Each structure stands twice: as C-alpha cells, then as structure tokens.
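Engineer: Can you read through this structure? Questions will come right after.
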Amino acid sequence: VLVVARSLHRVLLRRTVETLSNLIELVDSLPDVVVREEIGHIVFEAAAEAARSAEAASATPSADLPAALVAARRSLALALAAQHDDTVVAQLYFPTEFKYAVYLPILVPIAMPILLTLFRQLKGVKSRSAALRAKAAKAGEGSEEQPVDE
C-alpha cells in the first residue's frame, strides 16, 4: 500500500509540475495573453501546495503520506483550474493573427474609401489655401503701388 501511495504521490506532483510549466510557457509565448490576478494567486497556491506535499512526503520514515497525497491532489486541482480558466483558454484559441485574419477583410473595404476621401479633402483644402494666399499677396502688392492722397 505504501508503494502505491508513493507512486500516486509522484504522479500527482509530476502532473502538477507539467501543468504549471505548460501554463507558464503559454503565457510567455503569447505576449497578448492577459492573466487575471486571481489566476496568478491560484498558480502560486498550487505551487505552495506542491511544495508542502513534497515536504510532507520526504524520504524519512516518519513521512506523513496521507497529508502529502491530499496536498498533491489539491495542487493538481488548482493547477488544472488555472490552466483551464476561461480567460486563458479564450486567449489561447484567439491569438492576434486570428484577429487580424478576421477583422482585416472587414475593415479594409470600409477604411479605403474613407481614407481616399480624406486625402482628397485635404488636398482640396491645401489648394484653396494656396489660392487664397496668392490672391492676398497679389492684392497686397497692388495696394502698395497706389499713392496715398492726403
């Protein structure tokens, strides 16, 4: 029974470490993933439970194996809860490239006419402004040439 309990303990701890490592790799690989503060607390709690479990199941003959199994099981449950949280899973399935692939075909046909019209309007305003400046300069030159009668 002791051998089976120790094997189960090792499996639970190994699975906890793998789950937490995968979650950390996921967060590091996707810069846009926003991890809520609650998820961070769950991850820290899972790591603390795993450390308590490993300490309780130390190789000494007086090891508290039932407490170690309870802590290992709780740490695995917490790690899986953090990994399968809705916000993390949604970020995993909808990366930035996917968002570009969905929204660019919608935005480009709308944005192009708007940008072209804006460019034409700015060009028209610039040409009208230049014409007004030229007209004002021409009017200013004509008024200087006329003598002033007193």
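Naming works like this for the structure tokens: A, B, ... for the chains as they're shown, residue 1 at the start of each chain, ligands 1 onward in shown order.
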Could you produce a table of the residues of stretch 4-41 of chain A lying within 12 Å of stretch 73-77 of chain A, with the nearest pair of atoms per residue and their separation in Å rounded to one decimal, using only C-alpha atoms, ordered by chain and increasing residue number, as a Markdown table?
Structural biologist:
```
| residue | atom | partner | partner_atom | distance |
| --- | --- | --- | --- | --- |
| A:Leu8 | CA | A:Arg73 | CA | 9.6 |
| A:His9 | CA | A:Arg73 | CA | 8.2 |
| A:Arg10 | CA | A:Arg73 | CA | 10.7 |
| A:Val11 | CA | A:Arg73 | CA | 9.9 |
| A:Leu12 | CA | A:Arg73 | CA | 6.3 |
| A:Leu13 | CA | A:Leu76 | CA | 7.2 |
| A:Arg14 | CA | A:Leu76 | CA | 9.1 |
| A:Arg15 | CA | A:Leu76 | CA | 6.9 |
| A:Thr16 | CA | A:Leu76 | CA | 4.7 |
| A:Val17 | CA | A:Leu76 | CA | 8.4 |
| A:Glu18 | CA | A:Leu76 | CA | 9.7 |
| A:Thr19 | CA | A:Leu76 | CA | 7.9 |
| A:Leu20 | CA | A:Leu76 | CA | 9.0 |
```
Engineer: Give me a file of those residues, with C-alpha atoms, as an mmCIF file, in the first residue's frame.
Structural biologist:
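The file below, result-v4.cif, is the result:
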```cif
data_model
loop_
_atom_site.group_PDB
_atom_site.id
_atom_site.type_symbol
_atom_site.label_atom_id
_atom_site.label_comp_id
_atom_site.auth_asym_id
_atom_site.auth_seq_id
_atom_site.Cartn_x
_atom_site.Cartn_y
_atom_site.Cartn_z
ATOM 1 C CA LEU A 8 0.397 8.073 -6.814
ATOM 2 C CA HIS A 9 2.036 10.963 -4.993
ATOM 3 C CA ARG A 10 4.822 11.125 -7.588
ATOM 4 C CA VAL A 11 2.315 11.033 -10.452
ATOM 5 C CA LEU A 12 0.238 13.830 -8.928
ATOM 6 C CA LEU A 13 3.290 16.017 -8.321
ATOM 7 C CA ARG A 14 4.732 15.350 -11.792
ATOM 8 C CA ARG A 15 1.395 16.226 -13.392
ATOM 9 C CA THR A 16 1.176 19.419 -11.303
ATOM 10 C CA VAL A 17 4.655 20.487 -12.372
ATOM 11 C CA GLU A 18 3.887 19.711 -16.042
ATOM 12 C CA THR A 19 0.620 21.654 -15.905
ATOM 13 C CA LEU A 20 2.187 24.692 -14.274
#
```
Engineer: Pick the closest to A:Ser58 from A:Glu25, A:Ser127, A:Lys99, A:Arg6: which is it, counting only C-alpha atoms?
Structural biologist: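 Closest candidate: A:Arg6.
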Engineer: Tell me, in Å to one decimal, how far atom CA of A:Pro31 is from atom CA of A:Leu80.
Structural biologist: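 So the two atoms, atom CA of A:Pro31 and atom CA of A:Leu80, lie 21.3 Å apart.
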Engineer: Just how far from atom CA of A:Leu26 is atom CA of A:Glu38, in Å to one decimal?
Structural biologist: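 A separation of 17.1 Å between them.
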Engineer: Would you work out the distance separating atom CA of A:Ala71 from atom CA of A:Leu2, expressed in Å to one decimal?
Structural biologist: 16.8 Å
Engineer: Could you build a table of the residues in stretch 18-102 of chain A lying no more than 12 Å from stretch 107-113 of chain A, giving for each the nearest pair of atoms and their separation in Å rounded to one decimal place, using only C-alpha atoms, ordered by chain and ascending residue number, as a tab-separated table?
Structural biologist:
```
residue	atom	partner	partner_atom	distance
A:Lys99	CA	A:Leu107	CA	11.7
A:Tyr100	CA	A:Leu107	CA	9.9
A:Ala101	CA	A:Leu107	CA	10.7
A:Val102	CA	A:Leu107	CA	9.4
```
Engineer: Quick one: of A:Thr117, A:Ser53, A:Asn22, A:Thr96, who's nearest to A:Pro66, counting only C-alpha atoms?
Structural biologist: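 Residue with the minimum atom-to-atom distance to A:Pro66: A:Ser53.
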